[in-house]
Amino acid sequence: MVIAIVKFDMPLNQVLSEEVPFMSHPLDLKPWASRRAFLAIGAASLVASFLRPARANPLGETELTTSTYAQGTLPKGVRSRMIHGINGLDVHFLEAGHESPGRPLALLLHGFPDLAYGWRHLIPLLADAGYYVVAPDQRGFGRTTGWVNGYDTPLAPFSVLNMTRDALALVSALGYRRTAMLVGHDLGSPVASYCAIARPDVFPSVVLMSAPFPGTPAFPFNTAESEASSVQPNTDSQKLAAALAALDPPREYYAQYLSTRQANDDMWHPPQGLHEFLRAFFYVKSGDWPGNKPHPLKARTAIEFAQMPTYYVMDLGKTMPQNVAPFQPSAADVLASKWLTDPELAVYTEEYGRTGFQGALQAYRVYSDPDLNAELRLFSGKTIDVPSLFIGGKSDWGTYSAPGALDLMRTKATTRMRGIEMIDDAGHWIQQEQPSRLSTLLLDFMKA
């Protein structure tokens, strides 16, 4: 048996790392050994207290937990693991295929409000195909720690480029020089895109899901003889917000709401309860909700945006939980949801109940921050030049929520796009709703 010994002036990291053999039989104890054993037992109690289930603490930090993850709902062969020192983070991730060294690496990056857990159905399918599959809780999410949990914290650590560095550091820490497969879903899509743009030597292919990549922000071209400022402030979002608010009834784009201070508390402590809110949110954005009939929008105007359901273009003045409450699925709908059972949903409820949503919401604020967007102009004119693929769900409005982005991705932002695939009977949560079909598309892409 191995146990820690603590000295009263010993730092905690040393307490957790120092090990001594523990006496196998109490009758063998000498006086000096009895004192040592006493200290060891006390240390064990101290260490155990640090390994209690994690809770968000008053300082806004997230405590590490080593309790059993996912309440027995992970598929066989998939395990939960922590790895330390990843671009300032301690990263929690799920993995499969780890039993066989030397396998090609498949890296899966989730979106909002998802977790590494969202890939649980896909991970074993890719592992069975010969990959070492890794799906991390991204910065701001789940059991990954090292980020500051608060609305007023600096946003720079949550920038797209820093999250790109997170992915690069994780690949390196795992002992790989390159991925064989990189997949980004929702908010993971722009991170995966910049991985492929910035380091094509490490990320030699990319698959984007649900969120088309419209390209890098560009500097104005050939303006030397112009008297106008070379970079004009972008007020499109403010104009759209005003136009949506002027509609009858007034509306609000979801990304604007998710950037507000109150959004975290609204979703963390909804009147219907966190579990029921998440159930409605996952349901209404899935292929199970019959109201999802997405189609391309003609322009970035309020009239066009108003065609989207109220979980994307919300009723102004209502919270997200209030907007999705009318779509709460029936007991029969929940029972029929084999892709997200109640015990599986309970994992999301536990994780977001512990951390809240603020870390996950920082990305929406990053995209509206002019300084953080300005750093992306480092890649002005750059395209995704590695083989790429886009996959969407036929019942997902996410593909069209940014008008024109799908065409820009296909015609300008990429140079080696192999196709745009839309999966039947899937909404936004493709990897959960249709993992087998998704796996087939991914493996076929890699073979090509």
# chains A, B, ... in the order shown; residues from 1 in each chain; ligands from 1
call {"tool": "residues_around", "arguments": {"residues": "segment 149-151 of chain A", "least_positions_apart": "2", "cutoff": "12 Å", "atoms": "only C-alpha atoms", "output": "number ranges by chain"}}
result
A: 56-63, 139-142, 144-147, 153-155, 157-158, 258-265, 354-366
call {"tool": "write_last_selection", "arguments": {"atoms": "C-alpha atoms", "output": "short mmCIF file (atom, residue, chain, number, x, y, z; two decimals), in the first residue's frame"}}
result
data_model
loop_
_atom_site.label_atom_id
_atom_site.label_comp_id
_atom_site.auth_asym_id
_atom_site.auth_seq_id
_atom_site.Cartn_x
_atom_site.Cartn_y
_atom_site.Cartn_z
CA ALA A 56 -17.40 25.90 -7.80
CA ASN A 57 -15.85 27.87 -4.96
CA PRO A 58 -16.48 31.50 -3.93
CA LEU A 59 -13.23 32.65 -5.54
CA GLY A 60 -14.48 31.55 -8.93
CA GLU A 61 -11.90 28.80 -9.32
CA THR A 62 -12.69 25.23 -10.29
CA GLU A 63 -11.43 22.51 -7.98
CA ARG A 139 -10.72 25.58 -21.75
CA GLY A 140 -13.67 26.86 -19.73
CA PHE A 141 -15.50 23.54 -19.73
CA GLY A 142 -15.98 20.54 -17.48
CA THR A 144 -10.32 20.99 -17.20
CA THR A 145 -8.86 23.49 -14.72
CA GLY A 146 -6.40 26.37 -14.78
CA TRP A 147 -8.81 28.95 -16.17
CA THR A 153 -11.72 37.90 -15.85
CA PRO A 154 -9.51 38.88 -18.82
CA LEU A 155 -10.73 37.30 -22.04
CA PRO A 157 -6.84 33.27 -22.32
CA PHE A 158 -10.10 32.30 -24.07
CA LEU A 258 -24.91 34.69 -24.31
CA SER A 259 -22.36 37.52 -24.10
CA THR A 260 -24.25 39.30 -21.32
CA ARG A 261 -23.40 39.20 -17.62
CA GLN A 262 -26.71 37.64 -16.58
CA ALA A 263 -26.65 34.74 -19.07
CA ASN A 264 -24.57 32.50 -16.82
CA ASP A 265 -26.82 32.84 -13.80
CA ARG A 354 -20.55 22.42 -10.48
CA THR A 355 -18.91 24.98 -12.76
CA GLY A 356 -21.75 27.07 -14.13
CA PHE A 357 -21.59 28.25 -17.75
CA GLN A 358 -19.36 31.34 -17.63
CA GLY A 359 -16.14 29.65 -18.77
CA ALA A 360 -18.02 28.11 -21.68
CA LEU A 361 -19.67 31.45 -22.52
CA GLN A 362 -16.40 33.39 -22.78
CA ALA A 363 -16.01 32.38 -26.43
CA TYR A 364 -19.10 34.38 -27.41
CA ARG A 365 -17.59 37.46 -25.81
CA VAL A 366 -14.24 36.81 -27.50
#
call {"tool": "closest_atom_pairs", "arguments": {"of": "segment 248-272 of chain A", "to": "segment 309-328 of chain A", "cutoff": "9 Å", "atoms": "only C-alpha atoms", "output": "tab-separated table"}}
result
residue	atom	partner	partner_atom	distance
A:Pro249	CA	A:Asp315	CA	7.3
A:Pro250	CA	A:Leu316	CA	5.5
A:Arg251	CA	A:Leu316	CA	4.5
A:Glu252	CA	A:Met314	CA	5.0
A:Tyr253	CA	A:Val313	CA	4.5
A:Tyr254	CA	A:Tyr312	CA	5.1
A:Ala255	CA	A:Tyr312	CA	8.1
A:Tyr257	CA	A:Thr319	CA	8.2
A:Leu258	CA	A:Met320	CA	8.6
A:Gln262	CA	A:Thr319	CA	8.9
A:Ala263	CA	A:Thr319	CA	7.4
A:Asp266	CA	A:Thr319	CA	6.4
A:Met267	CA	A:Pro321	CA	6.3
A:Pro270	CA	A:Pro321	CA	6.1
A:Pro271	CA	A:Pro321	CA	7.9
A:Gln272	CA	A:Pro321	CA	7.9
call {"tool": "closest_residue", "arguments": {"among": "A:Ala299, A:Val347, A:Ala332, A:Val207", "to": "Arg416 of chain A", "atoms": "only C-alpha atoms"}}
result
A:Val207
call {"tool": "residues_around", "arguments": {"residues": "segment 106-114 of chain A", "least_positions_apart": "5", "cutoff": "6 Å", "atoms": "only C-alpha atoms", "output": "number ranges by chain"}}
result
A: 133-135, 180-188
call {"tool": "closest_residue", "arguments": {"among": "A:Ile303, A:Val284, A:Leu278, A:Leu372", "to": "Leu244 of chain A", "atoms": "only C-alpha atoms"}}
result
A:Ile303
call {"tool": "select_by_dssp", "arguments": {"residues": "segment 132-183 of chain A", "states": "strand (DSSP E)", "output": "NGL selection string"}}
result
:A and (132-136 or 181-183)
call {"tool": "write_last_selection", "arguments": {"atoms": "N, CA and C atoms", "output": "mmCIF file, in the first residue's frame"}}
result
data_model
loop_
_atom_site.group_PDB
_atom_site.id
_atom_site.type_symbol
_atom_site.label_atom_id
_atom_site.label_comp_id
_atom_site.auth_asym_id
_atom_site.auth_seq_id
_atom_site.Cartn_x
_atom_site.Cartn_y
_atom_site.Cartn_z
ATOM 1 N N TYR A 132 -6.063 6.094 -31.915
ATOM 2 C CA TYR A 132 -6.010 6.526 -30.525
ATOM 3 C C TYR A 132 -6.826 7.806 -30.470
ATOM 4 N N VAL A 133 -7.959 7.765 -29.773
ATOM 5 C CA VAL A 133 -8.937 8.849 -29.819
ATOM 6 C C VAL A 133 -8.887 9.637 -28.519
ATOM 7 N N VAL A 134 -8.793 10.958 -28.655
ATOM 8 C CA VAL A 134 -8.704 11.853 -27.494
ATOM 9 C C VAL A 134 -9.724 12.978 -27.669
ATOM 10 N N ALA A 135 -10.547 13.171 -26.638
ATOM 11 C CA ALA A 135 -11.540 14.252 -26.642
ATOM 12 C C ALA A 135 -11.414 15.021 -25.337
ATOM 13 N N PRO A 136 -10.832 16.219 -25.361
ATOM 14 C CA PRO A 136 -10.651 16.989 -24.122
ATOM 15 C C PRO A 136 -11.867 17.841 -23.778
ATOM 16 N N MET A 181 -6.313 12.746 -37.484
ATOM 17 C CA MET A 181 -7.678 13.240 -37.663
ATOM 18 C C MET A 181 -7.929 14.351 -36.657
ATOM 19 N N LEU A 182 -8.461 15.461 -37.134
ATOM 20 C CA LEU A 182 -8.854 16.581 -36.285
ATOM 21 C C LEU A 182 -10.286 16.939 -36.615
ATOM 22 N N VAL A 183 -11.154 16.935 -35.594
ATOM 23 C CA VAL A 183 -12.572 17.231 -35.795
ATOM 24 C C VAL A 183 -12.987 18.299 -34.798
#
call {"tool": "atom_distance", "arguments": {"atom1": "atom CA of Val202 of chain A", "atom2": "atom CA of Gln138 of chain A"}}
result
18.6 Å
call {"tool": "residues_around", "arguments": {"residues": "Tyr348 of chain A", "least_positions_apart": "2", "cutoff": "12 Å", "atoms": "only C-alpha atoms", "output": "JSON, numbers by chain"}}
result
{"A": [69, 70, 71, 73, 112, 113, 114, 115, 116, 117, 118, 141, 142, 143, 268, 274, 275, 276, 277, 278, 279, 281, 282, 340, 341, 342, 343, 344, 345, 346, 350, 351, 352, 353, 354, 355, 356, 357]}
call {"tool": "select_by_dssp", "arguments": {"residues": "segment 101-284 of chain A", "states": "alpha helix (DSSP H)", "output": "short mmCIF file (atom, residue, chain, number, x, y, z; two decimals) with C-alpha atoms, in the first residue's frame"}}
result
data_model
loop_
_atom_site.label_atom_id
_atom_site.label_comp_id
_atom_site.auth_asym_id
_atom_site.auth_seq_id
_atom_site.Cartn_x
_atom_site.Cartn_y
_atom_site.Cartn_z
CA ILE A 123 -14.94 7.51 -29.57
CA PRO A 124 -15.18 3.69 -29.49
CA LEU A 125 -16.12 3.54 -33.18
CA LEU A 126 -12.95 5.38 -34.17
CA ALA A 127 -10.90 3.33 -31.70
CA ASP A 128 -12.25 0.13 -33.27
CA VAL A 160 -9.30 31.45 -30.48
CA LEU A 161 -5.53 31.48 -30.91
CA ASN A 162 -4.88 30.57 -27.27
CA MET A 163 -7.34 27.69 -27.52
CA THR A 164 -5.47 26.70 -30.68
CA ARG A 165 -2.33 26.63 -28.54
CA ASP A 166 -4.20 24.42 -26.06
CA ALA A 167 -4.78 21.86 -28.81
CA LEU A 168 -1.18 22.04 -30.00
CA ALA A 169 0.18 21.63 -26.46
CA LEU A 170 -2.09 18.64 -25.83
CA VAL A 171 -0.90 16.86 -28.98
CA SER A 172 2.70 17.45 -27.96
CA ALA A 173 2.14 16.28 -24.37
CA GLY A 188 -14.64 23.63 -31.65
CA SER A 189 -14.91 24.33 -35.39
CA PRO A 190 -13.08 27.72 -35.41
CA VAL A 191 -10.43 26.29 -33.07
CA ALA A 192 -9.89 23.35 -35.44
CA SER A 193 -9.84 25.77 -38.38
CA TYR A 194 -7.03 27.87 -36.90
CA CYS A 195 -5.15 24.69 -35.94
CA ALA A 196 -5.11 23.80 -39.64
CA ILE A 197 -4.24 27.35 -40.74
CA ALA A 198 -1.49 28.03 -38.21
CA ASP A 236 -22.85 45.20 -38.25
CA SER A 237 -23.68 43.39 -35.01
CA GLN A 238 -24.99 46.54 -33.35
CA LYS A 239 -27.14 47.36 -36.40
CA LEU A 240 -28.53 43.83 -36.50
CA ALA A 241 -29.32 43.94 -32.78
CA ALA A 242 -31.21 47.21 -33.19
CA ALA A 243 -33.17 45.89 -36.18
CA LEU A 244 -34.10 42.68 -34.35
CA ALA A 245 -35.24 44.68 -31.31
CA TYR A 254 -28.62 34.24 -29.16
CA ALA A 255 -24.90 35.11 -29.33
CA GLN A 256 -25.66 38.64 -28.10
CA TYR A 257 -27.59 37.26 -25.14
CA LEU A 258 -24.91 34.69 -24.31
CA ALA A 263 -26.65 34.74 -19.07
CA ASN A 264 -24.57 32.50 -16.82
CA ASP A 265 -26.82 32.84 -13.80
CA ASP A 266 -29.97 32.56 -15.95
CA MET A 267 -28.87 29.17 -17.24
CA TRP A 268 -27.12 27.95 -14.10
CA LEU A 274 -30.86 22.76 -14.54
CA HIS A 275 -31.63 19.20 -15.61
CA GLU A 276 -34.94 20.16 -17.23
CA PHE A 277 -33.42 23.21 -18.92
CA LEU A 278 -30.64 21.13 -20.44
CA ARG A 279 -33.15 18.49 -21.52
CA ALA A 280 -35.20 21.08 -23.39
CA PHE A 281 -32.09 22.72 -24.88
CA PHE A 282 -30.64 19.47 -26.22
CA TYR A 283 -34.07 18.35 -27.47
CA VAL A 284 -35.07 21.51 -29.31
#
call {"tool": "residues_around", "arguments": {"residues": "Phe445 of chain A", "least_positions_apart": "4", "cutoff": "10 Å", "atoms": "only C-alpha atoms", "output": "ChimeraX atom specification"}}
result
/A:181,205-207,387-389,418-419,439-441
call {"tool": "decode", "arguments": {"residues": "segment 77-183 of chain A", "atoms": "C-alpha atoms", "output": "PDB file, in the first residue's frame"}}
result
ATOM      1  CA  GLY A  77     -12.935   0.916 -23.540  1.00  0.00           C
ATOM      2  CA  VAL A  78     -13.402   4.659 -22.985  1.00  0.00           C
ATOM      3  CA  ARG A  79     -11.693   6.109 -19.927  1.00  0.00           C
ATOM      4  CA  SER A  80     -11.451   9.466 -18.189  1.00  0.00           C
ATOM      5  CA  ARG A  81      -8.001  10.921 -17.575  1.00  0.00           C
ATOM      6  CA  MET A  82      -6.197  14.094 -16.465  1.00  0.00           C
ATOM      7  CA  ILE A  83      -2.980  15.468 -17.927  1.00  0.00           C
ATOM      8  CA  HIS A  84      -1.129  18.408 -16.392  1.00  0.00           C
ATOM      9  CA  GLY A  85       0.760  21.419 -17.701  1.00  0.00           C
ATOM     10  CA  ILE A  86      -1.068  21.966 -21.010  1.00  0.00           C
ATOM     11  CA  ASN A  87      -0.595  25.645 -21.908  1.00  0.00           C
ATOM     12  CA  GLY A  88      -1.336  26.517 -18.288  1.00  0.00           C
ATOM     13  CA  LEU A  89      -4.171  24.007 -17.925  1.00  0.00           C
ATOM     14  CA  ASP A  90      -4.752  20.672 -16.287  1.00  0.00           C
ATOM     15  CA  VAL A  91      -6.777  19.027 -19.034  1.00  0.00           C
ATOM     16  CA  HIS A  92      -9.450  16.421 -18.475  1.00  0.00           C
ATOM     17  CA  PHE A  93     -10.099  14.211 -21.472  1.00  0.00           C
ATOM     18  CA  LEU A  94     -11.672  10.972 -22.602  1.00  0.00           C
ATOM     19  CA  GLU A  95      -9.601   8.473 -24.528  1.00  0.00           C
ATOM     20  CA  ALA A  96      -9.848   5.079 -26.204  1.00  0.00           C
ATOM     21  CA  GLY A  97      -7.360   2.963 -28.088  1.00  0.00           C
ATOM     22  CA  HIS A  98      -4.771   3.761 -25.420  1.00  0.00           C
ATOM     23  CA  GLU A  99      -3.990   0.081 -24.874  1.00  0.00           C
ATOM     24  CA  SER A 100      -2.065  -0.107 -28.167  1.00  0.00           C
ATOM     25  CA  PRO A 101       0.894   2.307 -28.483  1.00  0.00           C
ATOM     26  CA  GLY A 102       1.678   3.880 -31.829  1.00  0.00           C
ATOM     27  CA  ARG A 103      -1.853   4.305 -33.114  1.00  0.00           C
ATOM     28  CA  PRO A 104      -2.631   7.409 -35.230  1.00  0.00           C
ATOM     29  CA  LEU A 105      -4.115  10.217 -33.154  1.00  0.00           C
ATOM     30  CA  ALA A 106      -7.708  11.449 -33.599  1.00  0.00           C
ATOM     31  CA  LEU A 107      -8.402  14.697 -31.719  1.00  0.00           C
ATOM     32  CA  LEU A 108     -12.044  15.723 -31.156  1.00  0.00           C
ATOM     33  CA  LEU A 109     -12.918  19.285 -30.041  1.00  0.00           C
ATOM     34  CA  HIS A 110     -16.419  19.920 -28.670  1.00  0.00           C
ATOM     35  CA  GLY A 111     -18.610  23.023 -28.669  1.00  0.00           C
ATOM     36  CA  PHE A 112     -21.246  24.705 -26.453  1.00  0.00           C
ATOM     37  CA  PRO A 113     -22.768  23.637 -24.125  1.00  0.00           C
ATOM     38  CA  ASP A 114     -21.048  20.343 -24.620  1.00  0.00           C
ATOM     39  CA  LEU A 115     -18.167  18.454 -23.047  1.00  0.00           C
ATOM     40  CA  ALA A 116     -15.664  15.781 -23.969  1.00  0.00           C
ATOM     41  CA  TYR A 117     -18.522  13.498 -22.913  1.00  0.00           C
ATOM     42  CA  GLY A 118     -20.473  14.515 -26.015  1.00  0.00           C
ATOM     43  CA  TRP A 119     -18.141  12.360 -28.129  1.00  0.00           C
ATOM     44  CA  ARG A 120     -18.754   9.209 -26.036  1.00  0.00           C
ATOM     45  CA  HIS A 121     -20.715   7.390 -28.772  1.00  0.00           C
ATOM     46  CA  LEU A 122     -18.160   8.170 -31.499  1.00  0.00           C
ATOM     47  CA  ILE A 123     -14.945   7.511 -29.575  1.00  0.00           C
ATOM     48  CA  PRO A 124     -15.182   3.689 -29.487  1.00  0.00           C
ATOM     49  CA  LEU A 125     -16.122   3.540 -33.176  1.00  0.00           C
ATOM     50  CA  LEU A 126     -12.951   5.379 -34.170  1.00  0.00           C
ATOM     51  CA  ALA A 127     -10.897   3.332 -31.703  1.00  0.00           C
ATOM     52  CA  ASP A 128     -12.250   0.126 -33.269  1.00  0.00           C
ATOM     53  CA  ALA A 129     -11.004   1.478 -36.608  1.00  0.00           C
ATOM     54  CA  GLY A 130      -7.457   1.678 -35.242  1.00  0.00           C
ATOM     55  CA  TYR A 131      -7.173   5.233 -33.878  1.00  0.00           C
ATOM     56  CA  TYR A 132      -6.010   6.526 -30.525  1.00  0.00           C
ATOM     57  CA  VAL A 133      -8.937   8.849 -29.819  1.00  0.00           C
ATOM     58  CA  VAL A 134      -8.704  11.853 -27.494  1.00  0.00           C
ATOM     59  CA  ALA A 135     -11.540  14.252 -26.642  1.00  0.00           C
ATOM     60  CA  PRO A 136     -10.651  16.989 -24.122  1.00  0.00           C
ATOM     61  CA  ASP A 137     -12.874  19.231 -22.058  1.00  0.00           C
ATOM     62  CA  GLN A 138     -11.855  22.496 -23.687  1.00  0.00           C
ATOM     63  CA  ARG A 139     -10.718  25.577 -21.751  1.00  0.00           C
ATOM     64  CA  GLY A 140     -13.668  26.862 -19.730  1.00  0.00           C
ATOM     65  CA  PHE A 141     -15.499  23.537 -19.727  1.00  0.00           C
ATOM     66  CA  GLY A 142     -15.980  20.535 -17.485  1.00  0.00           C
ATOM     67  CA  ARG A 143     -13.126  19.190 -15.386  1.00  0.00           C
ATOM     68  CA  THR A 144     -10.322  20.993 -17.196  1.00  0.00           C
ATOM     69  CA  THR A 145      -8.855  23.487 -14.721  1.00  0.00           C
ATOM     70  CA  GLY A 146      -6.396  26.375 -14.780  1.00  0.00           C
ATOM     71  CA  TRP A 147      -8.806  28.954 -16.175  1.00  0.00           C
ATOM     72  CA  VAL A 148     -10.434  31.696 -14.073  1.00  0.00           C
ATOM     73  CA  ASN A 149     -14.193  31.397 -13.716  1.00  0.00           C
ATOM     74  CA  GLY A 150     -15.759  34.837 -13.753  1.00  0.00           C
ATOM     75  CA  TYR A 151     -17.360  37.411 -16.024  1.00  0.00           C
ATOM     76  CA  ASP A 152     -14.769  40.075 -15.228  1.00  0.00           C
ATOM     77  CA  THR A 153     -11.723  37.905 -15.853  1.00  0.00           C
ATOM     78  CA  PRO A 154      -9.510  38.882 -18.823  1.00  0.00           C
ATOM     79  CA  LEU A 155     -10.733  37.304 -22.040  1.00  0.00           C
ATOM     80  CA  ALA A 156      -7.326  36.832 -23.677  1.00  0.00           C
ATOM     81  CA  PRO A 157      -6.841  33.270 -22.321  1.00  0.00           C
ATOM     82  CA  PHE A 158     -10.103  32.305 -24.069  1.00  0.00           C
ATOM     83  CA  SER A 159      -9.100  33.712 -27.438  1.00  0.00           C
ATOM     84  CA  VAL A 160      -9.298  31.455 -30.484  1.00  0.00           C
ATOM     85  CA  LEU A 161      -5.530  31.485 -30.906  1.00  0.00           C
ATOM     86  CA  ASN A 162      -4.880  30.571 -27.269  1.00  0.00           C
ATOM     87  CA  MET A 163      -7.336  27.692 -27.522  1.00  0.00           C
ATOM     88  CA  THR A 164      -5.471  26.697 -30.679  1.00  0.00           C
ATOM     89  CA  ARG A 165      -2.325  26.627 -28.536  1.00  0.00           C
ATOM     90  CA  ASP A 166      -4.204  24.425 -26.060  1.00  0.00           C
ATOM     91  CA  ALA A 167      -4.778  21.858 -28.805  1.00  0.00           C
ATOM     92  CA  LEU A 168      -1.175  22.043 -29.996  1.00  0.00           C
ATOM     93  CA  ALA A 169       0.175  21.630 -26.462  1.00  0.00           C
ATOM     94  CA  LEU A 170      -2.089  18.643 -25.829  1.00  0.00           C
ATOM     95  CA  VAL A 171      -0.901  16.861 -28.979  1.00  0.00           C
ATOM     96  CA  SER A 172       2.704  17.449 -27.955  1.00  0.00           C
ATOM     97  CA  ALA A 173       2.140  16.284 -24.370  1.00  0.00           C
ATOM     98  CA  LEU A 174       0.624  13.056 -25.671  1.00  0.00           C
ATOM     99  CA  GLY A 175       3.882  12.371 -27.522  1.00  0.00           C
ATOM    100  CA  TYR A 176       2.653  13.049 -31.053  1.00  0.00           C
ATOM    101  CA  ARG A 177       4.137  15.247 -33.776  1.00  0.00           C
ATOM    102  CA  ARG A 178       0.891  15.356 -35.746  1.00  0.00           C
ATOM    103  CA  THR A 179      -2.725  14.275 -35.688  1.00  0.00           C
ATOM    104  CA  ALA A 180      -4.171  11.851 -38.185  1.00  0.00           C
ATOM    105  CA  MET A 181      -7.678  13.240 -37.663  1.00  0.00           C
ATOM    106  CA  LEU A 182      -8.854  16.581 -36.285  1.00  0.00           C
ATOM    107  CA  VAL A 183     -12.572  17.231 -35.795  1.00  0.00           C
TER     108      VAL A 183
END
